[in-house]
file target-v4.cif (mmCIF, C-alpha atoms)
data_run
loop_
_atom_site.label_atom_id
_atom_site.label_comp_id
_atom_site.auth_asym_id
_atom_site.auth_seq_id
_atom_site.Cartn_x
_atom_site.Cartn_y
_atom_site.Cartn_z
CA MET N 1 27.73 -37.91 -2.22
CA SER N 2 29.69 -35.10 -3.89
CA GLU N 3 27.08 -35.10 -6.66
CA VAL N 4 24.33 -34.21 -4.17
CA LYS N 5 26.52 -31.50 -2.63
CA GLU N 6 27.24 -30.10 -6.10
CA LYS N 7 23.51 -30.01 -6.95
CA LYS N 8 22.76 -28.17 -3.70
CA GLU N 9 25.49 -25.61 -4.38
CA ASN N 10 24.25 -25.21 -7.95
CA LEU N 11 20.69 -24.66 -6.71
CA PHE N 12 21.91 -22.14 -4.13
CA ASN N 13 23.93 -20.25 -6.77
CA ASN N 14 20.91 -20.18 -9.12
CA ILE N 15 18.71 -18.80 -6.36
CA ILE N 16 21.25 -16.10 -5.52
CA LYS N 17 21.62 -15.15 -9.20
CA GLY N 18 17.82 -14.97 -9.56
CA LEU N 19 17.46 -12.80 -6.47
CA ARG N 20 20.21 -10.47 -7.66
CA SER N 21 18.57 -10.24 -11.09
CA GLU N 22 15.16 -9.41 -9.60
CA TRP N 23 16.69 -6.88 -7.19
CA MET N 24 18.18 -4.97 -10.12
CA LYS N 25 14.69 -4.62 -11.65
CA ILE N 26 13.34 -2.72 -8.63
CA ILE N 27 12.77 0.99 -9.23
CA PHE N 28 12.64 2.94 -6.00
CA PRO N 29 10.61 6.17 -6.02
CA SER N 30 12.30 9.50 -5.41
CA ASN N 31 11.74 11.46 -2.23
CA GLU N 32 9.73 14.03 -4.21
CA LYS N 33 7.40 11.30 -5.54
CA ILE N 34 6.90 9.87 -2.05
CA LEU N 35 6.11 13.34 -0.68
CA ASN N 36 3.65 14.10 -3.50
CA ASP N 37 1.87 10.77 -3.06
CA SER N 38 1.71 11.20 0.73
CA VAL N 39 0.20 14.68 0.43
CA THR N 40 -2.33 13.41 -2.13
CA VAL N 41 -3.40 10.57 0.17
CA LEU N 42 -3.65 12.94 3.14
CA ILE N 43 -5.79 15.45 1.24
CA CYS N 44 -8.09 12.72 -0.14
CA SER N 45 -8.46 11.21 3.35
CA VAL N 46 -9.44 14.57 4.86
CA VAL N 47 -11.92 15.34 2.06
CA ILE N 48 -13.56 11.92 2.29
CA GLY N 49 -13.63 12.16 6.10
CA LEU N 50 -15.34 15.55 5.92
CA LEU N 51 -17.82 14.25 3.36
CA ILE N 52 -18.71 11.30 5.59
CA PHE N 53 -19.04 13.64 8.59
CA VAL N 54 -21.40 15.98 6.73
CA LEU N 55 -23.54 13.14 5.36
CA ASP N 56 -23.68 11.46 8.79
CA SER N 57 -24.73 14.72 10.41
CA LEU N 58 -27.43 15.37 7.80
CA ILE N 59 -28.79 11.82 8.01
CA GLY N 60 -28.68 11.92 11.82
CA SER N 61 -30.54 15.23 11.89
CA GLY N 62 -33.09 13.89 9.42
CA PHE N 63 -33.77 10.80 11.52
CA GLY N 64 -33.87 13.00 14.64
CA LEU N 65 -36.56 15.18 13.11
CA LEU N 66 -38.42 12.18 11.73
CA PHE N 67 -38.58 10.25 14.98
CA SER N 68 -38.88 13.13 17.49
CA ARG N 69 -42.60 13.59 16.83
#
call {"tool": "encode", "arguments": {"input": "target-v4.cif", "output": "structure tokens"}}
result
Amino acid sequence: MSEVKEKKENLFNNIIKGLRSEWMKIIFPSNEKILNDSVTVLICSVVIGLLIFVLDSLIGSGFGLLFSR
């Protein structure tokens, strides 16, 4: 019975060591990097949104002129 308990403790210790090892490999971005990436995403989202709006308006107007006759 102590053999089973020892194997469980060994397994638990190996898991903890593995988690600790993987945690040390994580590289967290700096606040400046997060801010730059957020601004880039925001600008791209606005530009793409405006592009979709313009194309939708042009296509809508085209279909309006086409089918109004």
call {"tool": "atom_distance", "arguments": {"input": "target-v4.cif", "atom1": "atom CA of Ile48 of chain N", "atom2": "atom CA of Phe67 of chain N"}}
result
28.1 Å
call {"tool": "atom_distance", "arguments": {"input": "target-v4.cif", "atom1": "atom CA of Leu66 of chain N", "atom2": "atom CA of Val47 of chain N"}}
result
28.4 Å
call {"tool": "atom_distance", "arguments": {"input": "target-v4.cif", "atom1": "atom CA of Gly18 of chain N", "atom2": "atom CA of Val4 of chain N"}}
result
21.0 Å
